[in-house]
Every structure is written in C-alpha cells, then in structure tokens.
>>> print(open('my_file04.cif').read())   # mmCIF, C-alpha atoms
data_work
loop_
_atom_site.group_PDB
_atom_site.id
_atom_site.type_symbol
_atom_site.label_atom_id
_atom_site.label_comp_id
_atom_site.auth_asym_id
_atom_site.auth_seq_id
_atom_site.Cartn_x
_atom_site.Cartn_y
_atom_site.Cartn_z
ATOM 1 C CA MET A 1 -28.185 25.304 15.349
ATOM 2 C CA PHE A 2 -24.441 24.881 16.001
ATOM 3 C CA THR A 3 -25.059 21.320 17.239
ATOM 4 C CA SER A 4 -26.986 20.394 14.097
ATOM 5 C CA ILE A 5 -24.142 21.681 11.891
ATOM 6 C CA ILE A 6 -21.666 19.463 13.768
ATOM 7 C CA ALA A 7 -24.021 16.475 13.465
ATOM 8 C CA LEU A 8 -24.444 17.120 9.732
ATOM 9 C CA ARG A 9 -20.684 17.403 9.283
ATOM 10 C CA ARG A 10 -20.163 14.045 11.032
ATOM 11 C CA GLN A 11 -22.777 12.403 8.800
ATOM 12 C CA VAL A 12 -21.070 13.767 5.676
ATOM 13 C CA GLN A 13 -17.684 12.528 6.928
ATOM 14 C CA SER A 14 -19.144 9.084 7.655
ATOM 15 C CA LEU A 15 -20.674 8.912 4.190
ATOM 16 C CA ALA A 16 -17.348 9.927 2.595
ATOM 17 C CA VAL A 17 -15.507 7.197 4.511
ATOM 18 C CA LEU A 18 -18.135 4.641 3.507
ATOM 19 C CA LEU A 19 -17.805 5.601 -0.186
ATOM 20 C CA ILE A 20 -14.018 5.327 0.042
ATOM 21 C CA VAL A 21 -14.175 1.867 1.624
ATOM 22 C CA ILE A 22 -16.712 0.646 -0.932
ATOM 23 C CA GLY A 23 -14.554 2.035 -3.739
ATOM 24 C CA ALA A 24 -11.429 0.337 -2.403
ATOM 25 C CA LEU A 25 -13.161 -3.006 -2.019
ATOM 26 C CA ALA A 26 -14.752 -2.740 -5.456
ATOM 27 C CA ALA A 27 -11.457 -1.832 -7.157
ATOM 28 C CA PRO A 28 -10.969 -3.956 -10.255
ATOM 29 C CA SER A 29 -8.274 -6.616 -10.367
ATOM 30 C CA ALA A 30 -5.837 -6.208 -13.209
ATOM 31 C CA SER A 31 -2.419 -7.483 -14.178
ATOM 32 C CA THR A 32 -1.347 -3.869 -14.713
ATOM 33 C CA ALA A 33 -2.380 -0.640 -13.111
ATOM 34 C CA GLU A 34 -5.518 1.227 -13.835
ATOM 35 C CA SER A 35 -5.050 4.894 -13.114
ATOM 36 C CA LYS A 36 -8.684 5.709 -13.822
ATOM 37 C CA PRO A 37 -10.608 6.618 -10.672
ATOM 38 C CA TYR A 38 -13.162 4.159 -9.326
ATOM 39 C CA PHE A 39 -15.451 7.084 -8.520
ATOM 40 C CA PRO A 40 -15.375 10.005 -10.955
ATOM 41 C CA LEU A 41 -15.190 12.549 -8.134
ATOM 42 C CA LEU A 42 -12.945 10.507 -5.813
ATOM 43 C CA PRO A 43 -9.749 9.522 -7.605
ATOM 44 C CA ILE A 44 -8.210 6.710 -5.592
ATOM 45 C CA HIS A 45 -4.547 5.841 -6.062
ATOM 46 C CA PRO A 46 -4.245 2.265 -7.421
ATOM 47 C CA LEU A 47 -1.875 1.297 -4.569
ATOM 48 C CA PHE A 48 -4.335 2.459 -1.890
ATOM 49 C CA GLY A 49 -4.554 0.091 1.066
ATOM 50 C CA THR A 50 -2.645 -1.593 3.844
ATOM 51 C CA TRP A 51 -0.211 -4.151 2.472
ATOM 52 C CA TRP A 52 1.553 -7.005 4.297
ATOM 53 C CA ALA A 53 4.900 -8.026 2.810
ATOM 54 C CA GLU A 54 4.867 -11.649 1.709
ATOM 55 C CA THR A 55 8.373 -11.542 0.171
ATOM 56 C CA LEU A 56 11.128 -8.929 -0.032
ATOM 57 C CA TYR A 57 13.936 -9.246 -2.591
ATOM 58 C CA ASP A 58 17.525 -8.033 -2.876
ATOM 59 C CA GLN A 59 18.851 -6.049 -5.867
ATOM 60 C CA GLN A 60 19.428 -9.267 -7.832
ATOM 61 C CA GLY A 61 15.856 -10.483 -7.342
ATOM 62 C CA GLU A 62 16.691 -13.141 -4.737
ATOM 63 C CA ALA A 63 14.210 -13.542 -1.884
ATOM 64 C CA ILE A 64 15.826 -12.255 1.320
ATOM 65 C CA TRP A 65 12.810 -12.175 3.639
ATOM 66 C CA ARG A 66 9.476 -13.948 3.788
ATOM 67 C CA GLY A 67 6.559 -12.785 5.889
ATOM 68 C CA GLY A 68 5.230 -15.292 8.365
ATOM 69 C CA GLU A 69 8.624 -16.922 8.983
ATOM 70 C CA SER A 70 9.169 -14.780 12.082
ATOM 71 C CA ASP A 71 7.163 -12.622 14.457
ATOM 72 C CA ASP A 72 8.119 -9.517 12.470
ATOM 73 C CA ALA A 73 5.769 -8.034 9.904
ATOM 74 C CA VAL A 74 6.583 -5.530 7.191
ATOM 75 C CA LEU A 75 3.619 -3.318 6.362
ATOM 76 C CA MET A 76 3.180 -0.632 3.749
ATOM 77 C CA ARG A 77 0.280 1.760 4.047
ATOM 78 C CA VAL A 78 -0.775 3.818 1.015
ATOM 79 C CA ASN A 79 -3.419 6.490 1.423
ATOM 80 C CA LEU A 80 -6.016 7.611 -1.126
ATOM 81 C CA THR A 81 -3.666 10.046 -2.855
ATOM 82 C CA GLY A 82 -0.559 7.823 -2.928
ATOM 83 C CA GLY A 83 1.137 8.879 0.297
ATOM 84 C CA TYR A 84 2.941 5.893 1.800
ATOM 85 C CA SER A 85 4.451 4.924 5.129
ATOM 86 C CA SER A 86 6.379 1.918 6.382
ATOM 87 C CA ARG A 87 9.212 1.092 8.762
ATOM 88 C CA MET A 88 12.955 1.251 8.294
ATOM 89 C CA ASP A 89 14.371 -0.695 11.243
ATOM 90 C CA CYS A 90 12.729 1.067 14.217
ATOM 91 C CA ASN A 91 12.190 4.284 12.224
ATOM 92 C CA ILE A 92 9.225 5.415 10.156
ATOM 93 C CA ILE A 93 9.694 6.136 6.459
ATOM 94 C CA ALA A 94 7.097 8.132 4.554
ATOM 95 C CA GLY A 95 6.745 9.683 1.112
ATOM 96 C CA GLU A 96 4.422 9.852 -1.843
ATOM 97 C CA PHE A 97 3.921 7.809 -4.992
ATOM 98 C CA GLN A 98 3.264 9.860 -8.085
ATOM 99 C CA LYS A 99 0.239 9.181 -10.283
ATOM 100 C CA ALA A 100 0.383 5.723 -11.836
ATOM 101 C CA GLY A 101 0.813 5.315 -15.581
ATOM 102 C CA GLU A 102 -1.570 3.290 -17.736
ATOM 103 C CA ASP A 103 1.184 0.665 -18.118
ATOM 104 C CA GLY A 104 1.665 0.207 -14.365
ATOM 105 C CA SER A 105 4.621 2.559 -14.172
ATOM 106 C CA ILE A 106 5.046 4.303 -10.852
ATOM 107 C CA SER A 107 7.641 6.450 -9.160
ATOM 108 C CA ILE A 108 8.300 8.244 -5.917
ATOM 109 C CA SER A 109 7.571 11.961 -5.754
ATOM 110 C CA PRO A 110 10.629 14.131 -6.421
ATOM 111 C CA LYS A 111 10.143 15.542 -2.925
ATOM 112 C CA GLY A 112 11.706 12.286 -1.708
ATOM 113 C CA SER A 113 11.042 10.405 1.492
ATOM 114 C CA MET A 114 11.067 11.381 5.132
ATOM 115 C CA VAL A 115 12.701 9.105 7.696
ATOM 116 C CA THR A 116 12.803 9.481 11.458
ATOM 117 C CA LEU A 117 16.313 9.138 12.888
ATOM 118 C CA MET A 118 16.062 7.090 16.068
ATOM 119 C CA GLY A 119 18.922 4.806 17.089
ATOM 120 C CA CYS A 120 17.852 1.203 16.428
ATOM 121 C CA PHE A 121 19.229 -1.797 18.293
ATOM 122 C CA GLY A 122 18.470 -5.423 17.529
ATOM 123 C CA ASP A 123 17.433 -7.262 14.398
ATOM 124 C CA TYR A 124 14.828 -5.903 12.027
ATOM 125 C CA PRO A 125 13.392 -7.142 8.722
ATOM 126 C CA PRO A 126 14.827 -5.572 5.572
ATOM 127 C CA THR A 127 13.464 -2.264 4.343
ATOM 128 C CA ILE A 128 11.423 -1.875 1.162
ATOM 129 C CA ALA A 129 13.533 -0.173 -1.545
ATOM 130 C CA PHE A 130 10.986 2.580 -2.250
ATOM 131 C CA SER A 131 13.401 4.658 -4.348
ATOM 132 C CA GLU A 132 13.883 1.719 -6.742
ATOM 133 C CA ILE A 133 10.180 1.098 -7.483
ATOM 134 C CA ALA A 134 9.432 1.653 -11.176
ATOM 135 C CA ARG A 135 6.451 -0.591 -11.938
ATOM 136 C CA PHE A 136 3.731 -2.549 -10.218
ATOM 137 C CA GLU A 137 1.205 -5.263 -10.931
ATOM 138 C CA ARG A 138 -1.956 -5.636 -8.885
ATOM 139 C CA GLU A 139 -4.019 -8.782 -9.232
ATOM 140 C CA GLY A 140 -6.602 -9.925 -6.725
ATOM 141 C CA MET A 141 -5.173 -9.411 -3.266
ATOM 142 C CA LYS A 142 -1.544 -9.383 -4.516
ATOM 143 C CA LEU A 143 0.659 -6.385 -5.274
ATOM 144 C CA ARG A 144 4.019 -6.935 -6.967
ATOM 145 C CA LEU A 145 6.622 -4.162 -7.143
ATOM 146 C CA TYR A 146 9.489 -4.129 -9.680
ATOM 147 C CA ASP A 147 12.516 -1.960 -10.413
ATOM 148 C CA LYS A 148 13.346 -0.372 -13.787
ATOM 149 C CA ASN A 149 14.953 -3.651 -14.979
ATOM 150 C CA ASP A 150 11.851 -5.702 -14.029
ATOM 151 C CA VAL A 151 13.681 -7.257 -11.072
ATOM 152 C CA PRO A 152 11.184 -7.943 -8.255
ATOM 153 C CA ILE A 153 11.417 -5.719 -5.185
ATOM 154 C CA ALA A 154 8.514 -7.052 -3.122
ATOM 155 C CA VAL A 155 5.261 -9.020 -3.158
ATOM 156 C CA PHE A 156 2.483 -7.840 -0.856
ATOM 157 C CA CYS A 157 -0.973 -9.072 0.174
ATOM 158 C CA ASN A 158 -3.814 -6.639 0.804
ATOM 159 C CA VAL A 159 -4.588 -6.891 4.520
ATOM 160 C CA VAL A 160 -8.351 -6.245 4.160
ATOM 161 C CA ALA A 161 -8.729 -8.823 1.360
ATOM 162 C CA LEU A 162 -6.591 -11.351 3.251
ATOM 163 C CA LYS A 163 -8.683 -10.887 6.411
ATOM 164 C CA SER A 164 -11.913 -11.333 4.412
ATOM 165 C CA ALA A 165 -10.601 -14.527 2.825
ATOM 166 C CA LEU A 166 -9.514 -15.908 6.201
ATOM 167 C CA ASP A 167 -12.887 -14.980 7.757
ATOM 168 C CA VAL A 168 -14.655 -17.020 5.054
ATOM 169 C CA ILE A 169 -12.411 -20.011 5.793
ATOM 170 C CA VAL A 170 -12.871 -19.748 9.565
ATOM 171 C CA ASP A 171 -16.635 -19.257 9.307
ATOM 172 C CA SER A 172 -17.208 -22.259 6.990
#
>>> encode(input="my_file04.cif", output="structure tokens")
Amino acid sequence: MFTSIIALRRQVQSLAVLLIVIGALAAPSASTAESKPYFPLLPIHPLFGTWWAETLYDQQGEAIWRGGESDDAVLMRVNLTGGYSSRMDCNIIAGEFQKAGEDGSISISPKGSMVTLMGCFGDYPPTIAFSEIARFEREGMKLRLYDKNDVPIAVFCNVVALKSALDVIVDS
C-alpha cells in the first residue's frame, strides 16, 4: 500500500507540473500586465518564466549591454509566485516580486533581496537593477522592465518561447 501511495503522489506531482507548463505557454500576450490567474486555482505570476536579457540599460535609459554580443548571458528566473533569481557578477541575487497591478505596476517585496558574497574577479555583464523596477510590459516573447520615470531598465526574451521559435525555423 505504501508503494501505491508514493506512485499516486508522483502522478499528482506530474499532473501539477503539466498544468503549470500548459498555463505558462497559454498565457495571454498583452501590452500591460494581467494579474488575473490563468487557472482559477493556480495563480501564476505574470513574470513567470526564464528570461534571457536582450538589452540592459543604465539609469539614463542608454543601452549598456546587449545579449549575444559576447559569450556571457544574463538570465532572470521568476517562479510561479514571483520569486526571482539572477546573477550579480559571480554572485547569486534572489528576491520576490510583489503581486502585479492591473496597470503593469510591479515592485520588489519589502523583504528585499538576498545576495551571496563571494569575491568576484574578472569581467561580468552588468546587473539588473531589481530595486528600480516599477512597471513592466509583456508582449509575445518580450518582457520590458521600466523604472518609476518610465526609463527602460531591461528587455528580455522568454527562453521557452525563443527556443520554440528557433525550433520551427530549424525544422522548416
């Protein structure tokens, strides 16, 4: 009986993962955020996904780094509830986005961010200014982050959507 309970638990976990993936892939495209859940019982944060940085900007909105121009990649991972992680030089930075507003407003949890404190040597891409994020736009496979003055912070591409698009190109 104990074995059948474990098998049943694994099946339920697999089904939950499948529903989450289907929900993330079926998420509507919009020029502003939609904070409504895609599944009534599974609220999914609108920034959920793995994001590859296409462009990072300085505080004046000037592009300072473009993905694909070097071997370095800047990734941002956002889980189902809005928890995020990325890299700051050779360190890991993690925190949590609060619930998104109907107008696309977003902020970091008051708990702040956690950063590991390893000594980093060498050159690294710039770090995403998480504490400055005030608004986002998500359209298709693109995610644009802005500060409170509507100055761009970063433009990202959804890794899963980008891979799917490239697979279609390669397979045709």
>>> residues_near_point(input="my_file04.cif", point="(5.3, -12.2, 5.3)", cutoff="8 Å", atoms="only C-alpha atoms", output="PDB file with C-alpha atoms, in the coordinates of the input")
ATOM      1  CA  TRP A  52       1.553  -7.005   4.297  1.00  0.00           C
ATOM      2  CA  ALA A  53       4.900  -8.026   2.810  1.00  0.00           C
ATOM      3  CA  GLU A  54       4.867 -11.649   1.709  1.00  0.00           C
ATOM      4  CA  THR A  55       8.373 -11.542   0.171  1.00  0.00           C
ATOM      5  CA  TRP A  65      12.810 -12.175   3.639  1.00  0.00           C
ATOM      6  CA  ARG A  66       9.476 -13.948   3.788  1.00  0.00           C
ATOM      7  CA  GLY A  67       6.559 -12.785   5.889  1.00  0.00           C
ATOM      8  CA  GLY A  68       5.230 -15.292   8.365  1.00  0.00           C
ATOM      9  CA  GLU A  69       8.624 -16.922   8.983  1.00  0.00           C
ATOM     10  CA  ALA A  73       5.769  -8.034   9.904  1.00  0.00           C
ATOM     11  CA  VAL A  74       6.583  -5.530   7.191  1.00  0.00           C
TER      12      VAL A  74
END
>>> atom_distance(input="my_file04.cif", atom1="atom CA of A:Phe156", atom2="atom CA of A:Glu102")
20.6 Å
>>> atom_distance(input="my_file04.cif", atom1="atom CA of A:Asp103", atom2="atom CA of A:Thr81")
18.6 Å
>>> resolve_selection(input="my_file04.cif", expression="the PyMOL selection byres ((chain A and resi 162-164) around 12)", output="mmCIF file with C-alpha atoms, keeping the file's coordinate frame")
data_model
loop_
_atom_site.group_PDB
_atom_site.id
_atom_site.type_symbol
_atom_site.label_atom_id
_atom_site.label_comp_id
_atom_site.auth_asym_id
_atom_site.auth_seq_id
_atom_site.Cartn_x
_atom_site.Cartn_y
_atom_site.Cartn_z
ATOM 1 C CA LEU A 25 -13.161 -3.006 -2.019
ATOM 2 C CA GLY A 49 -4.554 0.091 1.066
ATOM 3 C CA THR A 50 -2.645 -1.593 3.844
ATOM 4 C CA TRP A 51 -0.211 -4.151 2.472
ATOM 5 C CA TRP A 52 1.553 -7.005 4.297
ATOM 6 C CA ALA A 53 4.900 -8.026 2.810
ATOM 7 C CA GLU A 54 4.867 -11.649 1.709
ATOM 8 C CA GLY A 140 -6.602 -9.925 -6.725
ATOM 9 C CA MET A 141 -5.173 -9.411 -3.266
ATOM 10 C CA LYS A 142 -1.544 -9.383 -4.516
ATOM 11 C CA PHE A 156 2.483 -7.840 -0.856
ATOM 12 C CA CYS A 157 -0.973 -9.072 0.174
ATOM 13 C CA ASN A 158 -3.814 -6.639 0.804
ATOM 14 C CA VAL A 159 -4.588 -6.891 4.520
ATOM 15 C CA VAL A 160 -8.351 -6.245 4.160
ATOM 16 C CA ALA A 161 -8.729 -8.823 1.360
ATOM 17 C CA ALA A 165 -10.601 -14.527 2.825
ATOM 18 C CA LEU A 166 -9.514 -15.908 6.201
ATOM 19 C CA ASP A 167 -12.887 -14.980 7.757
ATOM 20 C CA VAL A 168 -14.655 -17.020 5.054
ATOM 21 C CA ILE A 169 -12.411 -20.011 5.793
ATOM 22 C CA VAL A 170 -12.871 -19.748 9.565
ATOM 23 C CA ASP A 171 -16.635 -19.257 9.307
#
>>> atom_distance(input="my_file04.cif", atom1="atom CA of A:Lys99", atom2="atom CA of A:Pro43")
10.3 Å
>>> axis_aligned_box(input="my_file04.cif", around="stretch 123-136 of chain A", padding_each_side="3 Å", output="AutoDock Vina command-line options")
--center_x 10.6 --center_y -1.3 --center_z 1.2 --size_x 19.7 --size_y 17.9 --size_z 32.3
>>> closest_residue(input="my_file04.cif", among="A:Arg138, A:Tyr84, A:Gln59, A:Glu132", to="A:Met114", atoms="all atoms listed in the file")
A:Tyr84
>>> resolve_selection(input="my_file04.cif", expression="the PyMOL selection byres ((chain A and resi 113) around 9)", output="ChimeraX atom specification")
/A:93-96,108-112,114-115,130-131
>>> closest_residue(input="my_file04.cif", among="A:Ala154, A:Val78, A:Ala134, A:Cys120", to="A:Gly101", atoms="all atoms listed in the file")
A:Ala134
